[in-house]
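Student: Sharing a structure, written as structure tokens. Questions coming.
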Amino acid sequence: MSLISPPRLVALIAPRLDTGPVGRAVQACAERLAGEGYFLAAGPWHDPAMLPQLAALQPAAALVMGPLDEPNLRAGLAAMEIPVVETWSASAHPLDTAVVIDNEEAGRMAARHLAEKRHALVACISADNAWERARRQGFISTAAALGLDRVADIVQPEVLQMNDGRMAFLRLLATNTIFDAVFCTSDLLAAAAVSEAHNRDLHVPQDVAVLGFTDDGSAAQWAQGLTTLGINAADLGRRAAQVLLDRLQGELAAGQHQTLEVTFEARLST
């Protein structure tokens, strides 16, 4: 009678999992790992106080959604001496390995596109998380370098559903500034901006151009004709899983940093 080895645990460390793109990346990663005898285990591991409980589980590796910047968490994972892959966005000096989006370059690409389209009065709408902060920063710095006038900068504390995006666009309108283009750093923000613009009898792109960043292509389905920059969240998850497996099997050394290329889809909204 053959014995089947029990699957090994890979700790999933994420501030939250209830955003669609993160969920898709995690699902794709879990499916790839399962075939090799590993499973993702979610828990409140982002809280350094939970490190003793995590260590007791003896994880084979850890997948971190977002930068590993918290000093105590970083030190605790380092002490476990296991492969650690940071994904979506990484700290300035990843602890082990990173598979990320060049979020700041995505913002720079957005500013360059709006400049090429001769928009001069631009606004930015973003959520307050590490990857969208990087997209926002890339956009703001490049817009300034290109001589664009950034008339408004809206940071929505939390964006989990369409109504959050609508509230962000309404906050932009409440600034009473004149703008001819807006860069939205996520699917929900972009789709909500187009929807709320139509509700306010603003024509896209005649009255206001909208450029979005998409993690899974959903914004262009909700708002047909939306110009987007983006990546595929599931592809990111599969790439992260492969890097984890390569680290676990000794086929990849620590210190590797892989970046997914951001794609651009020009449509009608700009």
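Ordering of the structure tokens sets the chain letters (A, B, ...), residue numbers begin anew at 1 in every chain, and ligands are numbered from 1 in the order given.
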Where in region 12-150 of chain A does DSSP assign helix (DSSP H, G or I), given as a VMD selection string?

Tutor: chain A and resid 20 to 34 48 to 56 71 to 80 103 to 116 130 to 145

Student: With only C-alpha atoms counted and 12 Å as the cut-off, give the residues of region 60-160 of chain A in contact with region 193-198 of chain A, each with its shortest interatomic distance in Å and the pair that gives it, as a tab-separated table.

Tutor:
residue	atom	partner	partner_atom	distance
A:Ala123	CA	A:Ala193	CA	11.7
A:Cys124	CA	A:Ala193	CA	11.0
A:Ile125	CA	A:Ala193	CA	9.1
A:Ser126	CA	A:Ala193	CA	11.4

Student: For those residues, write all heavy atoms to a file as a CSV table (one decimal), in the first residue's frame.

Tutor:
chain,number,residue,atom,x,y,z
A,123,ALA,N,-6.7,64.9,-14.0
A,123,ALA,CA,-7.0,64.5,-12.6
A,123,ALA,C,-6.6,63.1,-12.4
A,123,ALA,O,-6.5,62.3,-13.3
A,123,ALA,CB,-8.4,64.8,-12.2
A,124,CYS,N,-6.4,62.7,-11.1
A,124,CYS,CA,-6.1,61.3,-10.8
A,124,CYS,C,-7.1,60.8,-9.7
A,124,CYS,O,-7.3,61.6,-8.7
A,124,CYS,CB,-4.7,61.2,-10.4
A,124,CYS,SG,-4.2,59.5,-10.0
A,125,ILE,N,-7.6,59.6,-9.8
A,125,ILE,CA,-8.4,59.0,-8.8
A,125,ILE,C,-7.8,57.7,-8.5
A,125,ILE,O,-7.5,56.8,-9.3
A,125,ILE,CB,-9.9,58.8,-9.2
A,125,ILE,CG1,-10.5,60.1,-9.6
A,125,ILE,CG2,-10.6,58.1,-8.1
A,125,ILE,CD1,-11.9,59.9,-10.2
A,126,SER,N,-7.5,57.4,-7.2
A,126,SER,CA,-6.8,56.2,-6.8
A,126,SER,C,-7.3,55.8,-5.4
A,126,SER,O,-8.0,56.5,-4.7
A,126,SER,CB,-5.3,56.4,-6.7
A,126,SER,OG,-5.0,57.4,-5.7

Student: Could you list, with a cut-off of 12 Å and counting only C-alpha atoms, the residues of region 38-96 of chain A near region 256-263 of chain A, each shown with its nearest atom pair and the distance in Å rounded to one decimal, rows sorted by chain and ascending number, as JSON lines?

Tutor:
{"residue": "A:Pro83", "atom": "CA", "partner": "A:Gln256", "partner_atom": "CA", "distance": 11.5}
{"residue": "A:Val84", "atom": "CA", "partner": "A:Gln256", "partner_atom": "CA", "distance": 11.1}
{"residue": "A:Val85", "atom": "CA", "partner": "A:His257", "partner_atom": "CA", "distance": 9.5}
{"residue": "A:Glu86", "atom": "CA", "partner": "A:His257", "partner_atom": "CA", "distance": 9.4}
{"residue": "A:Thr87", "atom": "CA", "partner": "A:Gln258", "partner_atom": "CA", "distance": 9.4}
{"residue": "A:Trp88", "atom": "CA", "partner": "A:Thr259", "partner_atom": "CA", "distance": 9.5}
{"residue": "A:Ser89", "atom": "CA", "partner": "A:Thr259", "partner_atom": "CA", "distance": 9.6}
{"residue": "A:Ala90", "atom": "CA", "partner": "A:His257", "partner_atom": "CA", "distance": 9.2}
{"residue": "A:Ser91", "atom": "CA", "partner": "A:His257", "partner_atom": "CA", "distance": 11.1}
{"residue": "A:Ala92", "atom": "CA", "partner": "A:His257", "partner_atom": "CA", "distance": 11.0}
{"residue": "A:His93", "atom": "CA", "partner": "A:His257", "partner_atom": "CA", "distance": 9.9}
{"residue": "A:Pro94", "atom": "CA", "partner": "A:His257", "partner_atom": "CA", "distance": 8.3}
{"residue": "A:Leu95", "atom": "CA", "partner": "A:Gln256", "partner_atom": "CA", "distance": 10.3}
{"residue": "A:Asp96", "atom": "CA", "partner": "A:Gln256", "partner_atom": "CA", "distance": 7.5}

Student: For the contact check between region 153-242 of chain A and region 26-37 of chain A, emit one row per residue of region 153-242 of chain A within 6 Å, containing the shortest atom pair and the distance in Å rounded to one decimal, counting only C-alpha atoms, chain then rising number order, as JSON lines.

Tutor:
{"residue": "A:Ala234", "atom": "CA", "partner": "A:Ala28", "partner_atom": "CA", "distance": 5.3}
{"residue": "A:Gly237", "atom": "CA", "partner": "A:Cys29", "partner_atom": "CA", "distance": 4.5}
{"residue": "A:Arg238", "atom": "CA", "partner": "A:Cys29", "partner_atom": "CA", "distance": 4.9}
{"residue": "A:Ala241", "atom": "CA", "partner": "A:Cys29", "partner_atom": "CA", "distance": 5.0}

Student: Quick one: residues within 12 Å of region 187-192 of chain A, only C-alpha atoms counted, chain neighbours fewer than 5 positions away excluded, as an mmCIF file with N, CA and C atoms, in the first residue's frame?

Tutor:
data_model
loop_
_atom_site.group_PDB
_atom_site.id
_atom_site.type_symbol
_atom_site.label_atom_id
_atom_site.label_comp_id
_atom_site.auth_asym_id
_atom_site.auth_seq_id
_atom_site.Cartn_x
_atom_site.Cartn_y
_atom_site.Cartn_z
ATOM 1 N N THR A 19 -10.866 41.735 -2.498
ATOM 2 C CA THR A 19 -10.883 42.481 -3.748
ATOM 3 C C THR A 19 -10.736 41.493 -4.889
ATOM 4 N N GLY A 20 -11.497 41.709 -5.962
ATOM 5 C CA GLY A 20 -11.569 40.751 -7.055
ATOM 6 C C GLY A 20 -10.232 40.357 -7.659
ATOM 7 N N PRO A 21 -9.411 41.327 -8.083
ATOM 8 C CA PRO A 21 -8.146 40.953 -8.724
ATOM 9 C C PRO A 21 -7.226 40.157 -7.812
ATOM 10 N N CYS A 124 -6.436 62.696 -11.140
ATOM 11 C CA CYS A 124 -6.130 61.302 -10.811
ATOM 12 C C CYS A 124 -7.059 60.848 -9.690
ATOM 13 N N ILE A 125 -7.598 59.625 -9.848
ATOM 14 C CA ILE A 125 -8.398 58.996 -8.794
ATOM 15 C C ILE A 125 -7.751 57.664 -8.463
ATOM 16 N N SER A 126 -7.453 57.450 -7.179
ATOM 17 C CA SER A 126 -6.784 56.216 -6.771
ATOM 18 C C SER A 126 -7.325 55.753 -5.428
ATOM 19 N N ALA A 127 -7.012 54.511 -5.099
ATOM 20 C CA ALA A 127 -7.316 53.966 -3.769
ATOM 21 C C ALA A 127 -6.033 53.964 -2.945
ATOM 22 N N GLU A 132 -1.617 50.997 -5.911
ATOM 23 C CA GLU A 132 -2.247 52.162 -6.520
ATOM 24 C C GLU A 132 -1.522 53.455 -6.144
ATOM 25 N N ILE A 154 -7.565 62.733 -6.169
ATOM 26 C CA ILE A 154 -8.511 62.129 -5.232
ATOM 27 C C ILE A 154 -8.002 60.761 -4.806
ATOM 28 N N VAL A 155 -7.822 60.579 -3.506
ATOM 29 C CA VAL A 155 -7.438 59.276 -2.956
ATOM 30 C C VAL A 155 -8.605 58.767 -2.116
ATOM 31 N N GLN A 156 -9.240 57.712 -2.593
ATOM 32 C CA GLN A 156 -10.369 57.113 -1.895
ATOM 33 C C GLN A 156 -9.835 56.099 -0.882
ATOM 34 N N GLU A 158 -10.972 53.473 0.573
ATOM 35 C CA GLU A 158 -11.262 52.064 0.323
ATOM 36 C C GLU A 158 -12.160 51.951 -0.893
ATOM 37 N N VAL A 159 -11.824 51.044 -1.797
ATOM 38 C CA VAL A 159 -12.629 50.824 -2.999
ATOM 39 C C VAL A 159 -12.861 49.327 -3.136
ATOM 40 N N LEU A 160 -14.057 48.897 -2.725
ATOM 41 C CA LEU A 160 -14.405 47.484 -2.768
ATOM 42 C C LEU A 160 -15.579 47.198 -3.695
ATOM 43 N N GLN A 161 -16.351 48.226 -4.041
ATOM 44 C CA GLN A 161 -17.498 48.042 -4.910
ATOM 45 C C GLN A 161 -17.715 49.286 -5.745
ATOM 46 N N MET A 162 -18.620 49.166 -6.716
ATOM 47 C CA MET A 162 -18.837 50.253 -7.670
ATOM 48 C C MET A 162 -19.217 51.558 -6.978
ATOM 49 N N ASN A 163 -19.992 51.475 -5.926
ATOM 50 C CA ASN A 163 -20.422 52.690 -5.248
ATOM 51 C C ASN A 163 -19.245 53.461 -4.657
ATOM 52 N N ASP A 164 -18.202 52.756 -4.224
ATOM 53 C CA ASP A 164 -17.008 53.438 -3.726
ATOM 54 C C ASP A 164 -16.356 54.250 -4.840
ATOM 55 N N GLY A 165 -16.332 53.681 -6.041
ATOM 56 C CA GLY A 165 -15.779 54.403 -7.179
ATOM 57 C C GLY A 165 -16.612 55.618 -7.550
ATOM 58 N N ARG A 166 -17.939 55.469 -7.469
ATOM 59 C CA ARG A 166 -18.810 56.606 -7.757
ATOM 60 C C ARG A 166 -18.577 57.735 -6.753
ATOM 61 N N MET A 167 -18.418 57.379 -5.502
ATOM 62 C CA MET A 167 -18.150 58.391 -4.484
ATOM 63 C C MET A 167 -16.845 59.121 -4.768
ATOM 64 N N ALA A 168 -15.845 58.400 -5.247
ATOM 65 C CA ALA A 168 -14.570 59.032 -5.581
ATOM 66 C C ALA A 168 -14.740 60.028 -6.722
ATOM 67 N N PHE A 169 -15.529 59.655 -7.747
ATOM 68 C CA PHE A 169 -15.734 60.576 -8.872
ATOM 69 C C PHE A 169 -16.547 61.793 -8.426
ATOM 70 N N LEU A 170 -17.506 61.577 -7.545
ATOM 71 C CA LEU A 170 -18.278 62.707 -7.019
ATOM 72 C C LEU A 170 -17.384 63.635 -6.197
ATOM 73 N N LEU A 172 -14.316 64.157 -6.877
ATOM 74 C CA LEU A 172 -13.591 64.916 -7.896
ATOM 75 C C LEU A 172 -14.438 66.072 -8.409
ATOM 76 N N ALA A 181 -9.380 65.296 -18.530
ATOM 77 C CA ALA A 181 -9.027 63.878 -18.531
ATOM 78 C C ALA A 181 -8.796 63.408 -17.106
ATOM 79 N N VAL A 182 -9.086 62.141 -16.861
ATOM 80 C CA VAL A 182 -8.864 61.571 -15.527
ATOM 81 C C VAL A 182 -8.254 60.181 -15.671
ATOM 82 N N ALA A 197 -20.045 59.755 -14.895
ATOM 83 C CA ALA A 197 -19.965 60.839 -15.884
ATOM 84 C C ALA A 197 -21.214 60.848 -16.753
ATOM 85 N N HIS A 198 -21.631 59.658 -17.185
ATOM 86 C CA HIS A 198 -22.854 59.569 -17.990
ATOM 87 C C HIS A 198 -24.069 60.029 -17.185
ATOM 88 N N ASN A 199 -24.120 59.665 -15.904
ATOM 89 C CA ASN A 199 -25.233 60.093 -15.056
ATOM 90 C C ASN A 199 -25.303 61.617 -14.946
ATOM 91 N N VAL A 204 -18.101 61.041 -22.698
ATOM 92 C CA VAL A 204 -16.747 60.492 -22.724
ATOM 93 C C VAL A 204 -16.437 60.057 -24.161
ATOM 94 N N ALA A 209 -12.044 62.741 -20.862
ATOM 95 C CA ALA A 209 -11.450 61.462 -21.232
ATOM 96 C C ALA A 209 -11.196 60.653 -19.964
ATOM 97 N N VAL A 210 -11.367 59.331 -20.060
ATOM 98 C CA VAL A 210 -11.136 58.450 -18.914
ATOM 99 C C VAL A 210 -10.167 57.353 -19.334
ATOM 100 N N LEU A 211 -9.093 57.228 -18.566
ATOM 101 C CA LEU A 211 -8.091 56.187 -18.784
ATOM 102 C C LEU A 211 -7.997 55.357 -17.509
ATOM 103 N N GLY A 212 -8.097 54.045 -17.634
ATOM 104 C CA GLY A 212 -8.100 53.203 -16.448
ATOM 105 C C GLY A 212 -6.954 52.216 -16.422
ATOM 106 N N PHE A 213 -6.690 51.696 -15.229
ATOM 107 C CA PHE A 213 -5.772 50.561 -15.085
ATOM 108 C C PHE A 213 -6.623 49.350 -14.750
ATOM 109 N N THR A 214 -6.381 48.244 -15.466
ATOM 110 C CA THR A 214 -7.185 47.053 -15.237
ATOM 111 C C THR A 214 -6.309 45.897 -14.794
ATOM 112 N N ASP A 215 -6.762 45.171 -13.778
ATOM 113 C CA ASP A 215 -6.062 43.988 -13.286
ATOM 114 C C ASP A 215 -6.612 42.706 -13.894
ATOM 115 N N ASP A 216 -7.793 42.779 -14.487
ATOM 116 C CA ASP A 216 -8.406 41.545 -14.989
ATOM 117 C C ASP A 216 -9.281 41.760 -16.225
ATOM 118 N N GLY A 217 -9.301 42.974 -16.764
ATOM 119 C CA GLY A 217 -10.086 43.240 -17.965
ATOM 120 C C GLY A 217 -11.541 43.561 -17.714
ATOM 121 N N SER A 218 -11.979 43.565 -16.461
ATOM 122 C CA SER A 218 -13.406 43.735 -16.186
ATOM 123 C C SER A 218 -13.892 45.148 -16.466
ATOM 124 N N ALA A 219 -13.034 46.157 -16.280
ATOM 125 C CA ALA A 219 -13.490 47.538 -16.469
ATOM 126 C C ALA A 219 -13.953 47.783 -17.892
ATOM 127 N N ALA A 220 -13.239 47.224 -18.851
ATOM 128 C CA ALA A 220 -13.622 47.422 -20.250
ATOM 129 C C ALA A 220 -14.930 46.717 -20.581
ATOM 130 N N GLN A 221 -15.313 45.713 -19.786
ATOM 131 C CA GLN A 221 -16.608 45.063 -19.977
ATOM 132 C C GLN A 221 -17.726 45.903 -19.375
ATOM 133 N N TRP A 222 -17.460 46.497 -18.210
ATOM 134 C CA TRP A 222 -18.467 47.347 -17.576
ATOM 135 C C TRP A 222 -18.644 48.655 -18.331
ATOM 136 N N ALA A 223 -17.550 49.190 -18.842
ATOM 137 C CA ALA A 223 -17.580 50.463 -19.564
ATOM 138 C C ALA A 223 -16.969 50.226 -20.938
ATOM 139 N N GLN A 224 -17.800 49.851 -21.896
ATOM 140 C CA GLN A 224 -17.297 49.510 -23.223
ATOM 141 C C GLN A 224 -16.622 50.722 -23.854
ATOM 142 N N GLY A 225 -15.496 50.450 -24.510
ATOM 143 C CA GLY A 225 -14.743 51.523 -25.142
ATOM 144 C C GLY A 225 -13.732 52.179 -24.236
ATOM 145 N N LEU A 226 -13.526 51.622 -23.029
ATOM 146 C CA LEU A 226 -12.601 52.221 -22.072
ATOM 147 C C LEU A 226 -11.156 51.917 -22.464
ATOM 148 N N THR A 227 -10.352 52.962 -22.566
ATOM 149 C CA THR A 227 -8.918 52.802 -22.788
ATOM 150 C C THR A 227 -8.271 52.359 -21.483
ATOM 151 N N THR A 228 -7.430 51.321 -21.571
ATOM 152 C CA THR A 228 -6.855 50.771 -20.344
ATOM 153 C C THR A 228 -5.366 50.464 -20.488
ATOM 154 N N LEU A 229 -4.701 50.554 -19.348
ATOM 155 C CA LEU A 229 -3.399 49.942 -19.119
ATOM 156 C C LEU A 229 -3.668 48.768 -18.187
ATOM 157 N N GLY A 230 -2.816 47.753 -18.200
ATOM 158 C CA GLY A 230 -3.096 46.712 -17.231
ATOM 159 C C GLY A 230 -2.286 45.448 -17.380
ATOM 160 N N ILE A 231 -2.631 44.509 -16.504
ATOM 161 C CA ILE A 231 -2.044 43.163 -16.498
ATOM 162 C C ILE A 231 -3.175 42.173 -16.248
ATOM 163 N N ASN A 232 -2.840 40.902 -16.291
ATOM 164 C CA ASN A 232 -3.817 39.856 -16.004
ATOM 165 C C ASN A 232 -3.504 39.286 -14.626
ATOM 166 N N ALA A 233 -4.430 39.446 -13.681
ATOM 167 C CA ALA A 233 -4.186 39.026 -12.304
ATOM 168 C C ALA A 233 -3.911 37.530 -12.211
ATOM 169 N N SER A 269 -12.352 55.868 -25.093
ATOM 170 C CA SER A 269 -12.600 56.790 -23.970
ATOM 171 C C SER A 269 -11.563 57.896 -23.815
#

Student: Counting only C-alpha atoms, figure out which residue out of A:Leu245, A:Ala42, A:Val10, A:Leu202 gets nearest to Pro59 (chain A).

Tutor: A:Val10

Student: At what distance in Å, to one decimal, does CA of Asp102 (chain A) lie from CA of Ile82 (chain A)?

Tutor: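 That distance, rounded to one decimal, is 25.4 Å.
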
Student: Could you find all residues in region 28-256 of chain A that DSSP calls strand (DSSP E or B) from the backbone, and write them as a VMD selection string?

Tutor: chain A and resid 38 to 42 61 to 65 84 to 88 97 to 101 121 to 127 149 to 156 181 to 184 209 to 214 227 to 230

Student: Need the shell around region 70-76 of chain A: protein/DNA/RNA residues with any atom at most 8 Å away, counting only C-alpha atoms. Skip same-chain ones fewer than 5 positions apart. Format as a ChimeraX atom specification?

Tutor: /A:46-48,51,95

Student: Could you turn the residues from that selection into a file that holds N, CA and C atoms, as a tab-separated table (two decimals), in the first residue's frame?

Tutor:
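Writing the result to again.tsv gives the following:
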chain	number	residue	atom	x	y	z
A	46	HIS	N	-0.43	38.70	8.47
A	46	HIS	CA	0.17	40.03	8.30
A	46	HIS	C	0.34	40.74	9.63
A	47	ASP	N	-0.28	40.21	10.67
A	47	ASP	CA	-0.13	40.75	12.02
A	47	ASP	C	1.10	40.09	12.67
A	48	PRO	N	2.15	40.86	12.96
A	48	PRO	CA	3.36	40.26	13.54
A	48	PRO	C	3.09	39.47	14.82
A	51	LEU	N	2.97	35.69	14.39
A	51	LEU	CA	4.13	34.96	13.88
A	51	LEU	C	4.41	33.66	14.65
A	95	LEU	N	12.72	40.77	0.56
A	95	LEU	CA	13.38	39.87	1.49
A	95	LEU	C	14.01	38.69	0.76

Student: Quick one: residues within 9 Å of Ala120 (chain A), only C-alpha atoms, excluding same-chain residues fewer than 4 positions away - as a list in words?

Tutor: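 Here the answer would be Leu114, Ala115, Gly147, Leu148, Asp149, Arg150, Phe179, Asp180 and Ala181 of chain A.
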
Student: I'd like the neighbourhood of Arg108 (chain A) as a PyMOL selection string, where a residue qualifies if any of its atoms comes within 12 Å (using only C-alpha atoms), though same-chain residues fewer than 3 positions away should be ignored.

Tutor: chain A and resi 102-105+111-115+134-146+183+185+213+229+262

Student: Skip Gln58 (chain A) itself and residues of its chain fewer than 5 positions away, then list as a PyMOL selection string all residues within 12 Å of it, counting only C-alpha atoms.

Tutor: chain A and resi 8-11+41+51-53+77+79-82
